[in-house]
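Inspection log for the structure reproduced underneath, given as structure tokens.
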Amino acid sequence: MKLFIRTSLLVIFLVSATLLPLYAEELMVEYLEGILEVGQGSNWIEVDIGYTIPRNSYLRLSDNGLAELSAGAITITLNQDGTFSTEKLLTSGREVAAWDIAGLVNSKLARLISPDQQQGDAVMGVRGDVAGKEELTWMEEGEEYLEQGKELIRTGDYKEAREVLQEGADYSFSDEEKEEYNFYIASAYALEGKSAPALLMLTGMKTGPSAPCYGDYMLLKGKLLIEGLAYKKALLLFGQYLKKPDRSETTQLIYFLSALCNQRLENRRDAISNLEAAYEINNSSEYGRAARRMMDNL
């Protein structure tokens with residue numbers, strides 16, 4: 001079963017560290033589908049996985065390509081054909097990295113899969129009770145995959161987690177149940193630092209407000225859009241959630257991420273409004289403190 005669905009997003013940036021080198025000398029090709037070329041004078045030289053690319057150069061991706069490049073703590077994913085300046089890619093990545101949105105959202109995802117969180121269990125059913133039975137129905141056996149997958153994510157075995165969760169998705173009896181498995185597969189990719197497959201999977205989902213992971217789906221997809229500098233798309237996504245805002249941690253973080261988008265788009269008034277809403281929900285949380293810091297910098 002093919003997991004990846006192509007999207008129109010041009011560039012995804014994943015920065016996992018809070019302190020980034022001011023200058024990255026070169027990019028390393030970590031993953032490649034299609035054709036990637038580096039401009040050298042009037043010539044284009046094709047490169048492959050393992051090649052290093054000078055900082056002040058141009059890249060050309062073609063043949064329905066997908067390329068992941070790394071430079072120190074920065075990972076840049078190109079998933080649409082075109083020509084790109086490595087200088088601009090790195091500069092934009094550092095700008096977004098300043099607020100460590102990857103750390104904020106990944107922290108929320110890590111808590112989502114922790115043993116004391118039961119957000120997804122209401123719809124999928126109570127898991128764990130069936131483990132001691134001698135016989136399992138297909139539905140019960142399918143339900144077991146989610147907890148097994150989450151436990152593997154907790155222990156950092158992301159590849160096996162995705163395989164187990166995919167088996168669970170294959171056992172699912174409804175679209176909503178399958179979407180939940182797909183969300184956790186995307187989360188495993190994201191927590192492993194693989195933004196491109198995470199976003200590609202989320203883009204293929206049709207998650208509505210009734211889904212058990214709706215809020216976290218919005219957070220993860222929005223984070224990936226922001227890291228791709230797709231601020232307007234992220235704001236449209238967040239706007240769907242904020243039609244009916246509550247005082248939850250998810251809502252607070254979505255307000256903060258909306259403020260970051262508006263700040264990058266130079267919508268200062270909207271950014272301040274978002275930050276005030278986030279700060280008012282809980283000014284002592286990590287998201288409330290981040291909102292206060294951003295307000296002080298506007």
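Residues are referred to by chain and number: the chain letter is A, B, ... according to the order shown in the structure tokens, the number counts from 1 in that chain, and ligands are numbered separately from 1 in the order shown.
Here the DSSP assignment of strand (DSSP E), based on backbone atoms, applies within segment 51-267 of chain A to Thr52, Ile53, Pro54, Tyr58, Leu59, Arg60, Leu61, Ser62, Asp63, Asn64, Gly65, Leu66, Ala67, Glu68, Leu69, Ser70, Ala71, Ile74, Thr75, Ile76, Thr77, Leu78, Gly82, Thr83, Phe84 and Ser85 of chain A.
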Those residues with N, CA, C and O atoms, as a short mmCIF file (atom, residue, chain, number, x, y, z; two decimals), in the first residue's frame please?
data_model
loop_
_atom_site.label_atom_id
_atom_site.label_comp_id
_atom_site.auth_asym_id
_atom_site.auth_seq_id
_atom_site.Cartn_x
_atom_site.Cartn_y
_atom_site.Cartn_z
N THR A 52 27.12 15.91 -1.24
CA THR A 52 27.07 17.19 -0.54
C THR A 52 26.95 18.32 -1.56
O THR A 52 27.53 18.26 -2.65
N ILE A 53 26.18 19.34 -1.18
CA ILE A 53 25.87 20.44 -2.09
C ILE A 53 26.36 21.74 -1.47
O ILE A 53 26.04 22.04 -0.32
N PRO A 54 27.14 22.53 -2.19
CA PRO A 54 27.64 23.80 -1.65
C PRO A 54 26.50 24.73 -1.26
O PRO A 54 25.42 24.70 -1.85
N TYR A 58 22.39 26.48 -6.69
CA TYR A 58 20.98 26.29 -7.05
C TYR A 58 20.71 24.80 -7.26
O TYR A 58 21.57 24.06 -7.75
N LEU A 59 19.50 24.40 -6.89
CA LEU A 59 19.07 23.01 -7.06
C LEU A 59 17.91 22.95 -8.03
O LEU A 59 17.05 23.84 -8.04
N ARG A 60 17.86 21.88 -8.79
CA ARG A 60 16.72 21.67 -9.69
C ARG A 60 16.18 20.26 -9.46
O ARG A 60 16.90 19.27 -9.62
N LEU A 61 14.91 20.18 -9.07
CA LEU A 61 14.25 18.90 -8.81
C LEU A 61 13.25 18.64 -9.94
O LEU A 61 12.49 19.55 -10.31
N SER A 62 13.25 17.43 -10.47
CA SER A 62 12.36 17.11 -11.59
C SER A 62 11.93 15.65 -11.52
O SER A 62 12.32 14.91 -10.62
N ASP A 63 11.12 15.26 -12.50
CA ASP A 63 10.62 13.89 -12.60
C ASP A 63 9.75 13.52 -11.40
O ASP A 63 9.89 12.44 -10.82
N ASN A 64 8.85 14.46 -11.03
CA ASN A 64 7.95 14.23 -9.90
C ASN A 64 8.75 13.88 -8.65
O ASN A 64 8.50 12.90 -7.96
N GLY A 65 9.75 14.73 -8.33
CA GLY A 65 10.74 14.40 -7.32
C GLY A 65 10.34 14.66 -5.89
O GLY A 65 9.39 15.38 -5.58
N LEU A 66 11.10 14.05 -5.01
CA LEU A 66 11.02 14.25 -3.57
C LEU A 66 12.44 14.14 -3.03
O LEU A 66 13.10 13.11 -3.22
N ALA A 67 12.93 15.20 -2.41
CA ALA A 67 14.32 15.20 -1.92
C ALA A 67 14.38 15.72 -0.51
O ALA A 67 13.71 16.69 -0.16
N GLU A 68 15.16 15.03 0.33
CA GLU A 68 15.41 15.51 1.68
C GLU A 68 16.88 15.83 1.82
O GLU A 68 17.75 15.02 1.49
N LEU A 69 17.17 17.05 2.30
CA LEU A 69 18.52 17.55 2.45
C LEU A 69 18.76 17.93 3.90
O LEU A 69 17.85 18.40 4.57
N SER A 70 19.97 17.74 4.38
CA SER A 70 20.27 18.12 5.76
C SER A 70 21.50 19.02 5.78
O SER A 70 22.40 18.91 4.94
N ALA A 71 21.51 19.90 6.78
CA ALA A 71 22.66 20.78 7.02
C ALA A 71 22.73 21.02 8.52
O ALA A 71 22.02 21.85 9.06
N ILE A 74 19.41 21.27 10.56
CA ILE A 74 18.32 21.62 9.66
C ILE A 74 18.08 20.50 8.67
O ILE A 74 19.01 19.97 8.07
N THR A 75 16.81 20.15 8.47
CA THR A 75 16.42 19.23 7.42
C THR A 75 15.44 19.96 6.51
O THR A 75 14.47 20.53 6.99
N ILE A 76 15.70 19.93 5.21
CA ILE A 76 14.85 20.61 4.24
C ILE A 76 14.30 19.56 3.29
O ILE A 76 15.05 18.76 2.74
N THR A 77 12.99 19.57 3.11
CA THR A 77 12.36 18.60 2.23
C THR A 77 11.72 19.33 1.05
O THR A 77 10.88 20.20 1.25
N LEU A 78 12.12 18.98 -0.16
CA LEU A 78 11.51 19.51 -1.38
C LEU A 78 10.61 18.43 -1.95
O LEU A 78 11.06 17.32 -2.17
N GLY A 82 11.03 21.92 -9.33
CA GLY A 82 11.32 23.33 -9.49
C GLY A 82 12.79 23.60 -9.23
O GLY A 82 13.59 22.69 -9.01
N THR A 83 13.14 24.90 -9.28
CA THR A 83 14.51 25.33 -9.04
C THR A 83 14.56 26.13 -7.74
O THR A 83 13.69 26.96 -7.49
N PHE A 84 15.57 25.88 -6.90
CA PHE A 84 15.63 26.45 -5.56
C PHE A 84 17.03 26.98 -5.27
O PHE A 84 18.03 26.38 -5.67
N SER A 85 17.08 28.10 -4.56
CA SER A 85 18.35 28.64 -4.07
C SER A 85 18.63 28.05 -2.69
O SER A 85 17.81 28.17 -1.76
#
**OP:** Name all residues at most 9 Å from segment 250-259 of chain A (count only C-alpha atoms; drop same-chain ones fewer than 2 positions away) and give them as a VMD selection string.
**Re:** chain A and resid 101 104 to 105 108 215 to 216 218 to 219 222 to 223 226 231 234 to 235 238 to 239 241 to 242 245 to 248 261 to 264 267 to 268 270 to 282 287 to 288 290 to 291 294
**OP:** Check the smallest atom-to-atom distance from each of A:Glu151, A:Glu143, A:Glu160, A:Glu249 to Lys178 of chain A using only C-alpha atoms, then report the winner.
**Re:**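 The answer is A:Glu143, which sits nearest to Lys178 of chain A.
Proximity of A:Asn106, A:Asn283, A:Gly72, A:Pro212 to Arg94 of chain A, computed with only C-alpha atoms, is greatest for A:Gly72.
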Subject >> For atom CA of Val29 of chain A and atom CA of Ser57 of chain A, the interatomic separation in Å (one decimal) >> reply: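 One can read the atom CA of Val29 of chain A to atom CA of Ser57 of chain A distance as 14.0 Å.
Proximity to Met201 of chain A was assessed for A:Arg162, A:Arg289, A:Lys233, A:Lys244 counting only C-alpha atoms; the smallest distance is recorded for A:Arg162.
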Original post:
Nearest to Tyr171 of chain A: which of A:Tyr158, A:Phe183, A:Tyr145, A:Tyr217 is it, counting only C-alpha atoms?
Top reply: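 Among the listed residues, A:Tyr145 lies closest to Tyr171 of chain A.
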Subject >> Between atom CA of Ser114 of chain A and atom CA of Arg154 of chain A, distance in Å (one decimal) >> reply: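 One can read the atom CA of Ser114 of chain A to atom CA of Arg154 of chain A distance as 7.1 Å.
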**OP:** Would you please extract all alpha helix (DSSP H) residues from segment 119-280 of chain A, as assigned by DSSP on the backbone, and give them as JSON, numbers by chain?
**Re:** {"A": [121, 122, 123, 124, 138, 139, 140, 141, 142, 143, 144, 145, 146, 147, 148, 149, 150, 151, 152, 153, 154, 158, 159, 160, 161, 162, 163, 164, 165, 166, 167, 168, 169, 170, 171, 175, 176, 177, 178, 179, 180, 181, 182, 183, 184, 185, 186, 187, 188, 189, 190, 191, 192, 195, 196, 197, 198, 199, 200, 201, 202, 203, 214, 215, 216, 217, 218, 219, 220, 221, 222, 223, 224, 225, 226, 227, 231, 232, 233, 234, 235, 236, 237, 238, 239, 240, 241, 249, 250, 251, 252, 253, 254, 255, 256, 257, 258, 259, 260, 261, 262, 263, 264, 268, 269, 270, 271, 272, 273, 274, 275, 276, 277, 278, 279, 280]}
Find the residues around Gly50 of chain A up to 9 Å (only C-alpha atoms counted), leave out those fewer than 3 positions away in its own chain, and share them as an mmCIF file with N, CA, C and O atoms, in the first residue's frame.
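Writing done, so here's around39.cif:
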data_model
loop_
_atom_site.group_PDB
_atom_site.id
_atom_site.type_symbol
_atom_site.label_atom_id
_atom_site.label_comp_id
_atom_site.auth_asym_id
_atom_site.auth_seq_id
_atom_site.Cartn_x
_atom_site.Cartn_y
_atom_site.Cartn_z
ATOM 1 N N MET A 28 23.591 17.962 2.632
ATOM 2 C CA MET A 28 23.775 16.545 2.318
ATOM 3 C C MET A 28 22.453 15.985 1.797
ATOM 4 O O MET A 28 21.393 16.237 2.378
ATOM 5 N N VAL A 29 22.498 15.223 0.694
ATOM 6 C CA VAL A 29 21.306 14.577 0.160
ATOM 7 C C VAL A 29 21.046 13.307 0.970
ATOM 8 O O VAL A 29 21.827 12.362 0.924
ATOM 9 N N GLU A 30 19.948 13.309 1.729
ATOM 10 C CA GLU A 30 19.625 12.183 2.603
ATOM 11 C C GLU A 30 18.642 11.202 1.958
ATOM 12 O O GLU A 30 18.664 10.008 2.265
ATOM 13 N N TYR A 31 17.758 11.708 1.109
ATOM 14 C CA TYR A 31 16.718 10.871 0.496
ATOM 15 C C TYR A 31 16.368 11.481 -0.851
ATOM 16 O O TYR A 31 16.362 12.703 -0.998
ATOM 17 N N VAL A 47 22.915 14.668 -8.985
ATOM 18 C CA VAL A 47 23.476 14.150 -7.741
ATOM 19 C C VAL A 47 22.553 13.072 -7.182
ATOM 20 O O VAL A 47 21.409 12.926 -7.608
#
